[in-house]
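Data from target10.cif: mmCIF, C-alpha atoms and all ligand atoms
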```
data_entry
loop_
_atom_site.label_atom_id
_atom_site.label_comp_id
_atom_site.auth_asym_id
_atom_site.auth_seq_id
_atom_site.Cartn_x
_atom_site.Cartn_y
_atom_site.Cartn_z
CA MET A 1 17.09 -20.40 -18.25
CA SER A 2 17.91 -18.59 -21.48
CA LEU A 3 15.99 -17.01 -24.30
CA ASP A 4 17.22 -16.24 -27.81
CA ILE A 5 15.94 -12.73 -28.43
CA GLY A 6 17.73 -11.98 -31.68
CA ARG A 7 20.32 -9.51 -32.82
CA ASP A 8 18.37 -6.29 -32.37
CA ALA A 9 18.46 -6.61 -28.61
CA ARG A 10 21.36 -5.25 -26.63
CA VAL A 11 22.77 -7.81 -24.23
CA THR A 12 23.76 -6.22 -20.95
CA ILE A 13 26.38 -8.01 -18.93
CA GLY A 14 27.65 -5.37 -16.54
CA ALA A 15 24.22 -4.26 -15.39
CA ALA A 16 23.30 -7.81 -14.40
CA SER A 17 25.86 -7.69 -11.63
CA ALA A 18 24.54 -4.40 -10.20
CA GLY A 19 22.00 -4.53 -7.40
CA PRO A 20 18.32 -3.96 -8.26
CA ARG A 21 18.15 -0.63 -6.41
CA ALA A 22 21.25 0.69 -8.16
CA TRP A 23 19.97 -0.42 -11.53
CA LEU A 24 16.53 1.10 -10.96
CA ALA A 25 18.08 4.39 -9.84
CA MET A 26 20.36 4.36 -12.87
CA LYS A 27 17.33 4.03 -15.10
CA GLY A 28 15.46 6.78 -13.33
CA PHE A 29 12.64 4.60 -12.01
CA GLU A 30 10.60 5.81 -9.09
CA VAL A 31 8.79 2.99 -7.31
CA LYS A 32 5.96 4.56 -5.31
CA GLY A 33 4.67 3.02 -2.11
CA TRP A 34 1.14 4.44 -2.10
CA CYS A 35 -1.77 2.03 -2.01
CA PRO A 36 -5.32 3.03 -2.99
CA ASP A 37 -8.53 2.15 -1.20
CA ALA A 38 -12.17 3.14 -1.56
CA TRP A 39 -11.69 6.52 0.16
CA ARG A 40 -8.44 7.26 -1.62
CA PRO A 41 -8.92 6.13 -5.22
CA MET A 42 -5.96 6.11 -7.57
CA GLN A 43 -5.96 7.94 -10.88
CA ALA A 44 -5.20 5.40 -13.61
CA GLY A 45 -5.13 5.80 -17.36
CA ASP A 46 -8.69 4.50 -17.64
CA GLY A 47 -10.20 6.54 -14.79
CA LEU A 48 -10.20 6.14 -11.01
CA LEU A 49 -9.24 2.82 -9.47
CA VAL A 50 -11.23 1.97 -6.34
CA ARG A 51 -10.10 -0.90 -4.10
CA VAL A 52 -12.50 -2.98 -2.01
CA ARG A 53 -11.31 -5.23 0.81
CA PRO A 54 -13.65 -8.20 1.37
CA PRO A 55 -13.61 -9.05 5.09
CA LEU A 56 -11.69 -12.33 5.55
CA GLY A 57 -11.46 -12.42 1.73
CA GLN A 58 -15.11 -13.47 1.53
CA LEU A 59 -18.30 -11.96 0.13
CA THR A 60 -21.83 -13.30 0.42
CA ARG A 61 -23.93 -13.86 -2.67
CA ALA A 62 -25.91 -10.66 -1.98
CA GLU A 63 -22.70 -8.64 -1.53
CA VAL A 64 -21.26 -9.98 -4.78
CA LEU A 65 -24.40 -9.18 -6.73
CA GLY A 66 -24.47 -5.66 -5.27
CA LEU A 67 -20.81 -5.11 -6.08
CA CYS A 68 -21.28 -6.37 -9.63
CA GLU A 69 -24.18 -4.02 -10.17
CA ALA A 70 -22.21 -1.07 -8.78
CA THR A 71 -19.24 -1.98 -10.99
CA LYS A 72 -21.43 -1.95 -14.08
CA THR A 73 -23.13 1.30 -13.09
CA TYR A 74 -20.09 3.32 -12.02
CA GLY A 75 -17.11 1.51 -13.61
CA ARG A 76 -16.40 -0.51 -16.72
CA GLY A 77 -18.21 -3.64 -15.56
CA ARG A 78 -14.98 -5.43 -14.77
CA ILE A 79 -13.43 -6.43 -11.43
CA GLU A 80 -9.80 -7.21 -10.68
CA ILE A 81 -8.58 -9.57 -7.95
CA THR A 82 -5.30 -8.42 -6.42
CA ALA A 83 -2.37 -10.41 -5.04
CA ARG A 84 -3.71 -9.67 -1.54
CA ALA A 85 -7.16 -11.03 -2.39
CA ASN A 86 -8.68 -7.56 -2.60
CA LEU A 87 -10.88 -6.32 -5.42
CA GLN A 88 -10.48 -3.34 -7.71
CA VAL A 89 -13.08 -1.47 -9.70
CA ARG A 90 -11.44 0.33 -12.62
CA GLY A 91 -12.58 3.01 -14.97
CA VAL A 92 -14.60 4.99 -12.43
CA GLY A 93 -15.31 8.57 -13.50
CA GLU A 94 -14.62 11.34 -10.99
CA GLY A 95 -18.31 12.21 -10.96
CA ALA A 96 -19.24 8.59 -10.26
CA TRP A 97 -16.78 7.92 -7.44
CA ARG A 98 -18.96 9.28 -4.64
CA ASP A 99 -21.95 7.29 -5.86
CA LEU A 100 -19.82 4.15 -6.02
CA VAL A 101 -18.57 4.70 -2.46
CA ALA A 102 -22.16 5.27 -1.32
CA ALA A 103 -23.15 1.96 -2.91
CA LEU A 104 -20.20 0.18 -1.25
CA LEU A 105 -21.14 1.71 2.12
CA ALA A 106 -24.72 0.51 1.69
CA LEU A 107 -23.39 -2.99 1.02
CA GLY A 108 -21.18 -2.81 4.13
CA LEU A 109 -18.04 -3.30 2.05
CA VAL A 110 -16.30 -0.09 3.13
CA ASP A 111 -15.79 1.29 6.63
CA PRO A 112 -17.49 4.71 7.02
CA ASP A 113 -14.31 5.98 8.69
CA PRO A 114 -11.51 6.43 6.11
CA ALA A 115 -8.85 5.97 8.80
CA ARG A 116 -10.31 2.61 9.83
CA GLU A 117 -10.72 1.55 6.21
CA ALA A 118 -7.01 2.21 5.63
CA LYS A 119 -6.16 -0.19 8.47
CA ARG A 120 -8.19 -3.13 7.10
CA ASN A 121 -5.14 -4.56 5.39
CA VAL A 122 -5.57 -8.12 6.66
CA LEU A 123 -4.98 -11.10 4.38
CA VAL A 124 -6.41 -14.41 5.65
CA VAL A 125 -5.47 -17.83 4.32
CA PRO A 126 -8.41 -18.58 2.00
CA ASP A 127 -9.21 -22.09 3.22
CA TRP A 128 -10.07 -20.91 6.75
CA CYS A 129 -13.07 -22.55 8.41
CA ASP A 130 -15.54 -21.10 10.90
CA GLY A 131 -14.01 -21.13 14.37
CA ASP A 132 -10.50 -22.24 13.38
CA ASP A 133 -7.43 -20.27 14.47
CA SER A 134 -7.20 -18.22 11.25
CA HIS A 135 -10.86 -17.23 11.47
CA ARG A 136 -10.75 -16.32 15.15
CA ILE A 137 -7.46 -14.41 15.00
CA ALA A 138 -8.46 -12.41 11.92
CA THR A 139 -11.84 -11.59 13.44
CA ALA A 140 -10.17 -10.48 16.68
CA LEU A 141 -7.70 -8.29 14.78
CA LEU A 142 -10.43 -6.65 12.70
CA ALA A 143 -12.26 -5.89 15.95
CA GLN A 144 -9.20 -3.92 17.13
CA LEU A 145 -8.74 -1.57 14.20
CA ASP A 146 -8.97 1.45 16.49
CA ALA A 147 -6.02 0.14 18.49
CA LEU A 148 -3.82 -0.14 15.40
CA PRO A 149 -1.55 2.77 14.51
CA SER A 150 -1.69 4.42 11.11
CA VAL A 151 0.95 2.86 8.88
CA PRO A 152 1.93 3.23 5.22
CA GLY A 153 -0.76 1.82 2.94
CA LYS A 154 1.18 -1.24 1.87
CA VAL A 155 1.93 -2.38 5.42
CA GLY A 156 -0.36 -5.27 6.28
CA PHE A 157 -1.00 -8.52 8.11
CA ALA A 158 -1.19 -12.16 7.01
CA ILE A 159 -3.20 -14.59 9.14
CA ASP A 160 -1.87 -17.92 7.95
CA ALA A 161 -2.73 -20.35 10.76
CA GLY A 162 -3.76 -23.43 8.77
CA VAL A 163 -1.92 -26.74 9.21
CA ALA A 164 1.14 -25.11 7.56
CA PRO A 165 1.84 -21.69 6.04
CA MET A 166 0.46 -20.96 2.58
CA LEU A 167 0.92 -17.18 2.29
CA GLY A 168 4.70 -16.94 2.46
CA GLU A 169 4.95 -15.30 -0.97
CA ALA A 170 2.11 -12.86 -0.34
CA SER A 171 2.98 -9.33 0.71
CA ALA A 172 2.64 -8.88 4.48
CA ASP A 173 4.63 -7.27 7.27
CA PHE A 174 3.34 -9.10 10.32
CA ARG A 175 2.42 -12.77 10.07
CA VAL A 176 0.74 -15.43 12.17
CA GLU A 177 1.90 -18.87 11.07
CA ARG A 178 1.98 -22.50 12.19
CA ASP A 179 5.23 -24.15 13.28
CA SER A 180 6.19 -27.76 12.66
CA ASP A 181 4.96 -28.84 16.11
CA GLY A 182 1.48 -27.44 15.53
CA GLY A 183 2.03 -24.30 17.61
CA LEU A 184 1.50 -20.73 16.45
CA LEU A 185 4.03 -17.95 16.03
CA VAL A 186 3.94 -14.27 15.22
CA ARG A 187 6.72 -13.28 12.87
CA ALA A 188 7.87 -9.91 11.57
CA ASP A 189 8.50 -10.03 7.83
CA GLY A 190 12.17 -10.28 6.98
CA ARG A 191 12.95 -12.22 10.18
CA GLU A 192 13.37 -15.98 9.85
CA THR A 193 11.94 -16.79 13.27
CA GLY A 194 9.14 -15.49 15.41
CA MET A 195 7.58 -15.58 18.83
CA ALA A 196 5.58 -18.64 19.90
CA LEU A 197 2.22 -17.81 21.47
CA GLU A 198 -1.26 -19.06 22.22
CA PRO A 199 -4.01 -18.38 19.65
CA ARG A 200 -5.86 -16.13 22.10
CA ASP A 201 -2.82 -13.81 22.32
CA ALA A 202 -2.12 -13.51 18.58
CA ALA A 203 -4.27 -10.47 17.74
CA ASP A 204 -2.90 -8.48 20.70
CA ALA A 205 0.65 -9.40 19.67
CA LEU A 206 0.02 -8.16 16.12
CA VAL A 207 -1.29 -4.85 17.42
CA ALA A 208 1.71 -4.49 19.73
CA LEU A 209 4.10 -5.31 16.89
CA ALA A 210 2.50 -2.71 14.63
CA ARG A 211 2.79 -0.11 17.40
CA TRP A 212 6.45 -0.98 17.94
CA PHE A 213 7.01 -0.67 14.17
CA VAL A 214 5.76 2.93 14.24
CA GLU A 215 7.48 3.88 17.52
CA SER A 216 10.82 2.51 16.34
CA GLY A 217 10.84 4.48 13.08
CA GLY A 218 9.36 1.84 10.80
CA ILE A 219 7.38 4.37 8.78
CA GLY A 220 10.67 5.79 7.57
CA SER A 221 11.74 2.30 6.50
CA GLY A 222 8.50 1.80 4.61
CA ARG A 223 8.05 -1.93 5.16
CA MET A 224 8.89 -4.32 7.98
CA ALA A 225 11.32 -6.27 5.80
CA HIS A 226 13.38 -3.09 5.37
CA HIS A 227 13.17 -2.07 9.01
CA LEU A 228 16.40 -3.19 10.63
CA ALA A 229 15.74 -2.01 14.18
CA PRO A 230 16.13 -4.88 16.67
CA LEU A 231 12.81 -6.35 17.72
CA PRO A 232 11.79 -5.73 21.33
CA ALA A 233 12.64 -8.58 23.69
CA TRP A 234 8.99 -9.62 24.05
CA ALA A 235 8.70 -10.12 20.27
CA GLN A 236 11.82 -12.18 19.83
CA GLY A 237 11.71 -15.94 19.59
CA GLY A 238 13.18 -18.94 17.86
CA SER A 239 10.01 -20.46 16.40
CA ARG A 240 10.21 -21.21 12.70
CA PRO A 241 7.25 -21.55 10.36
CA ALA A 242 6.59 -25.10 9.18
CA PRO A 243 7.49 -25.93 5.56
CA ALA A 244 5.01 -24.25 3.25
CA ARG A 245 2.04 -26.12 1.84
CA ALA A 246 0.99 -25.77 -1.78
CA PRO A 247 -1.26 -22.86 -2.74
CA LEU A 248 -4.86 -23.50 -3.75
CA TRP A 249 -5.40 -24.37 -7.41
CA PRO A 250 -8.40 -24.72 -9.73
CA GLY A 251 -10.55 -27.80 -9.17
CA ALA A 252 -12.79 -29.35 -6.55
CA HIS A 253 -12.13 -28.30 -2.94
CA ALA A 254 -13.60 -29.35 0.38
CA LEU A 255 -15.25 -25.89 0.61
CA GLY A 256 -16.57 -25.84 -2.98
CA ALA A 257 -14.86 -25.27 -6.32
CA ILE A 258 -11.86 -23.12 -7.23
CA TYR A 259 -11.48 -21.22 -10.51
CA GLY A 260 -8.63 -19.23 -11.96
CA THR A 261 -8.95 -15.91 -13.77
CA ALA A 262 -6.81 -14.50 -16.58
CA PHE A 263 -4.65 -11.83 -14.95
CA GLY A 264 -7.11 -11.63 -12.07
CA THR A 265 -9.71 -9.88 -14.22
CA ILE A 266 -13.33 -10.97 -14.27
CA GLU A 267 -16.38 -9.46 -15.91
CA ALA A 268 -19.05 -8.44 -13.41
CA ASP A 269 -21.63 -10.49 -15.31
CA THR A 270 -19.36 -13.56 -15.19
CA LEU A 271 -18.87 -13.17 -11.44
CA ALA A 272 -22.58 -12.72 -10.83
CA ALA A 273 -23.39 -15.80 -12.92
CA ALA A 274 -20.81 -17.88 -11.04
CA LEU A 275 -22.70 -17.24 -7.81
CA ALA A 276 -25.87 -18.89 -9.17
CA ASP A 277 -25.15 -22.11 -7.26
CA ALA A 278 -22.87 -20.75 -4.52
CA ASP A 279 -23.73 -19.14 -1.20
CA ALA A 280 -20.58 -17.07 -1.01
CA VAL A 281 -17.25 -16.57 -2.72
CA ARG A 282 -13.72 -16.27 -1.38
CA PHE A 283 -10.97 -14.50 -3.27
CA THR A 284 -7.43 -15.81 -3.07
CA PRO A 285 -4.04 -14.08 -3.42
CA TRP A 286 -3.51 -16.28 -6.49
CA ARG A 287 -6.33 -14.31 -8.12
CA GLN A 288 -8.81 -17.14 -7.94
CA LEU A 289 -12.41 -17.57 -6.84
CA LEU A 290 -13.44 -20.22 -4.35
CA LEU A 291 -17.18 -20.70 -4.88
CA GLU A 292 -18.44 -21.99 -1.56
CA GLY A 293 -20.70 -25.02 -1.81
CA ALA A 294 -20.53 -25.10 -5.61
CA ALA A 295 -19.80 -28.10 -7.80
CA ALA A 296 -16.63 -28.12 -9.90
CA ARG A 297 -17.74 -27.76 -13.52
CA ALA A 298 -16.84 -25.67 -16.54
CA ARG A 299 -18.06 -22.05 -16.29
CA ASP A 300 -17.86 -19.39 -18.99
CA GLY A 301 -15.11 -16.86 -18.43
CA LEU A 302 -13.36 -18.79 -15.65
CA ILE A 303 -10.36 -21.12 -15.77
CA ASP A 304 -11.23 -24.60 -14.50
CA ASP A 305 -8.27 -26.42 -16.09
CA ALA A 306 -5.51 -26.71 -13.49
CA ALA A 307 -2.99 -27.11 -16.32
CA SER A 308 -3.98 -23.94 -18.18
CA PRO A 309 -0.88 -21.99 -19.29
CA MET A 310 -2.69 -18.80 -18.25
CA LEU A 311 -2.17 -19.86 -14.63
CA ARG A 312 1.59 -19.55 -15.11
CA VAL A 313 1.46 -16.00 -16.46
CA GLU A 314 1.14 -12.68 -14.64
CA ALA A 315 0.70 -9.26 -16.23
CA CYS A 316 -0.40 -5.87 -14.89
CA PRO A 317 -2.86 -3.75 -16.91
CA GLY A 318 0.02 -1.95 -18.67
CA ALA A 319 -0.66 0.68 -21.35
CA PRO A 320 -3.00 2.37 -21.92
CA ASP A 321 -4.77 1.67 -18.61
CA CYS A 322 -1.81 2.60 -16.40
CA PRO A 323 -0.13 5.97 -16.95
CA GLN A 324 3.23 4.60 -15.78
CA ALA A 325 3.36 2.03 -18.59
CA SER A 326 4.88 2.60 -22.01
CA VAL A 327 4.00 -0.90 -23.25
CA ALA A 328 0.93 -3.08 -23.62
CA THR A 329 1.36 -6.14 -21.42
CA ARG A 330 -1.55 -8.57 -21.43
CA PRO A 331 -1.78 -9.22 -25.19
CA LEU A 332 1.93 -10.12 -25.19
CA ALA A 333 1.60 -12.27 -22.08
CA THR A 334 -1.36 -14.12 -23.60
CA ALA A 335 0.51 -14.72 -26.83
CA LEU A 336 3.60 -15.99 -25.02
CA ALA A 337 1.74 -18.18 -22.52
CA THR A 338 1.26 -21.15 -24.81
CA ARG A 339 4.72 -20.82 -26.35
CA MET A 340 6.77 -21.46 -23.27
CA THR A 341 7.01 -23.51 -20.14
CA GLY A 342 7.72 -22.12 -16.71
CA THR A 343 6.40 -18.93 -15.18
CA LEU A 344 6.27 -15.54 -16.91
CA HIS A 345 5.66 -12.03 -15.63
CA VAL A 346 5.06 -9.19 -18.08
CA SER A 347 5.23 -5.90 -16.20
CA GLY A 348 4.41 -2.48 -17.59
CA CYS A 349 7.20 -0.92 -15.53
CA ALA A 350 9.69 -1.68 -12.79
CA LYS A 351 7.09 -1.37 -10.05
CA GLY A 352 5.93 -4.92 -10.77
CA CYS A 353 2.40 -4.54 -9.40
CA ALA A 354 1.14 -7.87 -10.73
CA CYS A 355 3.67 -10.13 -9.08
CA ARG A 356 6.19 -9.56 -6.29
CA ARG A 357 7.77 -12.99 -6.47
CA SER A 358 10.48 -14.13 -8.83
CA THR A 359 9.38 -15.81 -12.07
CA ASP A 360 11.34 -17.86 -14.61
CA ILE A 361 11.16 -15.01 -17.13
CA VAL A 362 10.26 -11.41 -16.32
CA LEU A 363 9.73 -8.79 -19.01
CA THR A 364 9.83 -5.23 -17.68
CA GLY A 365 8.52 -2.46 -19.91
CA ARG A 366 10.66 0.62 -20.45
CA ASP A 367 10.44 3.28 -23.16
CA GLY A 368 8.16 1.17 -25.34
CA ARG A 369 10.31 -1.96 -25.20
CA PHE A 370 11.07 -4.71 -22.72
CA ASP A 371 14.03 -5.58 -20.55
CA ILE A 372 14.39 -9.31 -19.91
CA ALA A 373 15.60 -10.99 -16.73
CA PHE A 374 15.54 -14.62 -15.66
CA ALA A 375 14.58 -16.04 -12.28
CA ALA A 376 13.93 -12.49 -11.10
CA ARG A 377 11.34 -9.88 -10.17
CA ALA A 378 10.20 -6.96 -12.31
CA GLY A 379 12.82 -4.24 -12.47
CA ALA A 380 15.69 -6.63 -11.79
CA PRO A 381 18.97 -5.97 -13.59
CA PRO A 382 18.28 -7.40 -17.04
CA ARG A 383 20.13 -9.91 -19.18
CA HIS A 384 18.76 -8.23 -22.31
CA GLU A 385 17.61 -4.65 -22.75
CA GLY A 386 15.25 -2.93 -25.18
CA VAL A 387 13.61 -5.94 -26.84
CA THR A 388 10.55 -5.29 -28.97
CA PRO A 389 7.34 -7.31 -28.56
CA ALA A 390 7.66 -8.35 -32.22
CA THR A 391 11.09 -9.83 -31.56
CA LEU A 392 9.84 -11.72 -28.53
CA LEU A 393 6.90 -13.14 -30.45
CA ALA A 394 8.98 -14.03 -33.49
CA ARG A 395 11.65 -15.78 -31.48
CA LEU A 396 9.10 -17.78 -29.56
CA GLY A 397 7.21 -18.77 -32.73
CA ALA A 398 3.98 -16.89 -32.07
CA ALA A 399 2.19 -15.20 -34.91
S1 LIG B 1 3.67 -2.36 -12.84
FE1 LIG B 1 2.05 -2.04 -14.35
S2 LIG B 1 0.25 -1.39 -13.18
FE2 LIG B 1 2.04 -1.16 -11.84
S3 LIG B 1 2.67 0.98 -12.11
FE3 LIG B 1 3.86 -0.25 -13.55
S4 LIG B 1 2.71 -0.23 -15.46
FE4 LIG B 1 1.33 0.45 -13.82
#
```
Rewrite the structure of this file - the entire thing - as structure tokens.
Amino acid sequence: MSLDIGRDARVTIGAASAGPRAWLAMKGFEVKGWCPDAWRPMQAGDGLLVRVRPPLGQLTRAEVLGLCEATKTYGRGRIEITARANLQVRGVGEGAWRDLVAALLALGLVDPDPAREAKRNVLVVPDWCDGDDSHRIATALLAQLDALPSVPGKVGFAIDAGVAPMLGEASADFRVERDSDGGLLVRADGRETGMALEPRDAADALVALARWFVESGGIGSGRMAHHLAPLPAWAQGGSRPAPARAPLWPGAHALGAIYGTAFGTIEADTLAAALADADAVRFTPWRQLLLEGAAARARDGLIDDAASPMLRVEACPGAPDCPQASVATRPLATALATRMTGTLHVSGCAKGCACRRSTDIVLTGRDGRFDIAFAARAGAPPRHEGVTPATLLARLGAA
């Protein structure tokens, strides 16, 4: 794919052949690995950012209404859905943080023990059903939080035991997946194969794998995919995950109705209103809502059109909400969405918070301008450097 960006952009040829790490280091980027939660909020440009982890990715109607009220009282009345199906309350004042945590504790959405809360990094395939393998394994793992070691905040689990894997592009270090013969496997991220096992053994195997990760120096590696130590014999196996199935997408679903959100952001009032005819809601790593038991119909503030160009576009908050950004991201992404085909990621900096996968075009902010790469992740060696938003919009015909 190519993009005519005009004569004021410098075309970089040599840098495109350098590796991403070398290019990032050359540009002086520091990609931090810290991950916030409710007990450890992150300071953002618009106040504290507080992350909430819905158990199994699901909240009841009462929990949603309580969270929405707390968001309006202590934040900016807006909720973000992350790429691991967690929720973020932004714009929380330092004086309001304790009251917000107290409200979340009262709702049962935060573990009273900060160490246990930090371990609740479990992503579950969002179309799980009561009593199926995904539901039982995730429940068993969450019941063993005390047995898990402390790991870096980004290290987490994916319970993906539907008829075929769906979470392959989601960030996770230890995965439970289905193989082509209908069996289950536990796989360490970065390894192509995993260990076949019975569903009843999966949670114990995940705990053991996390312990091995720590004991073998994995914390120094940061993530499982970067940890090159040979797996212990008991964790080795030749089972391969089955070919991936398609992710969920807006429209009617056997469990209810699925809706997209622009950049994963939803107003608290919109979310509360969406629950009027739903018993519960599930959040997906594609930043959607699955309204359980609800009919598929148009709803204000939510994307019900499966062909909406906004579903092909990712953008982090950018400037001024994030102090690491030197560029505004979402207005540009919105303007470009209808002017192009394919997938687009507009990232405020090389960290690429909004999207870890490769997109057809990725714009990475740097020093008030954008670097452009194709079929790449944020921060990849660019094909074009230092392009202004005005140039991008002009070349793509937007006003
Ligand atoms: S990618 Fe966006 S949200 Fe993440 S640190 Fe960079 S500017 Fe901030």
Each residue of range 127-211 of chain A with at least one atom at most 9 Å from range 215-230 of chain A should appear once, together with its nearest atom pair and the corresponding distance in Å (one decimal); atoms considered: all atoms listed in the file; ordering: chain, then increasing residue number; output as a tab-separated table.
```
residue	atom	partner	partner_atom	distance
A:Val151	CA	A:Ile219	CA	6.6
A:Pro152	CA	A:Ile219	CA	6.6
A:Lys154	CA	A:Arg223	CA	7.6
A:Val155	CA	A:Arg223	CA	6.1
A:Ala172	CA	A:Met224	CA	8.5
A:Asp173	CA	A:Met224	CA	5.2
A:Phe174	CA	A:Met224	CA	7.7
A:Ala188	CA	A:Met224	CA	6.7
A:Asp189	CA	A:Ala225	CA	5.1
A:Gly190	CA	A:Ala225	CA	4.3
A:Arg191	CA	A:Ala225	CA	7.6
A:Ala210	CA	A:Glu215	CA	8.8
A:Arg211	CA	A:Glu215	CA	6.2
```
Here is a test: counting all atoms listed in the file, which residue of A:Arg116, A:Lys72, A:Arg366, A:Arg175 is nearest to ligand LIG 1 (chain B)?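 When distances to ligand LIG 1 (chain B) are compared using all atoms listed in the file, the smallest one comes from A:Arg366.
For the residues A:Gly168, A:Leu206, A:Glu314, A:Pro126, ranking by smallest atom-to-atom distance to Pro149 in chain A using only C-alpha atoms places A:Leu206 first.
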Expected answer as a PyMOL selection string: residues within 10 Å of ligand LIG 1 (chain B), only C-alpha atoms and all ligand atoms: chain A and resi 30-32+44-45+315-329+346-355+364-366+378-379
Between CA of Glu69 in chain A and CA of Gly57 in chain A - distance in Å to one decimal: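 For CA of Gly57 in chain A relative to CA of Glu69 in chain A, the distance reads 19.3 Å.
Going from CA of Arg76 in chain A over to CA of Leu275 in chain A, you cover 20.0 Å.
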Padding of 5 Å on every side, edges along x, y and z, all listed atoms of range 281-300 of chain A included: what centre and edge lengths in Å, to one decimal, does that box have, as AutoDock Vina command-line options?
```
--center_x -12.1 --center_y -21.1 --center_z -10.2 --size_x 27.2 --size_y 24.0 --size_z 27.6
```
Range 57-174 of chain A near range 277-290 of chain A within 6 Å: what's each residue's closest atom pair and its distance in Å to one decimal, counting only C-alpha atoms, ordered by chain then ascending residue number, as CSV?
```
residue,atom,partner,partner_atom,distance
A:Gly57,CA,A:Phe283,CA,5.4
A:Gln58,CA,A:Arg282,CA,4.3
A:Leu59,CA,A:Val281,CA,5.5
A:Thr60,CA,A:Ala280,CA,4.2
A:Arg61,CA,A:Ala280,CA,4.9
A:Ile81,CA,A:Arg287,CA,5.2
A:Ala83,CA,A:Pro285,CA,4.3
A:Arg84,CA,A:Pro285,CA,4.8
A:Ala85,CA,A:Pro285,CA,4.5
A:Pro126,CA,A:Thr284,CA,5.9
```
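Taking CA of Ala295 in chain A and CA of Ala257 in chain A as endpoints, the distance between them is 5.9 Å.
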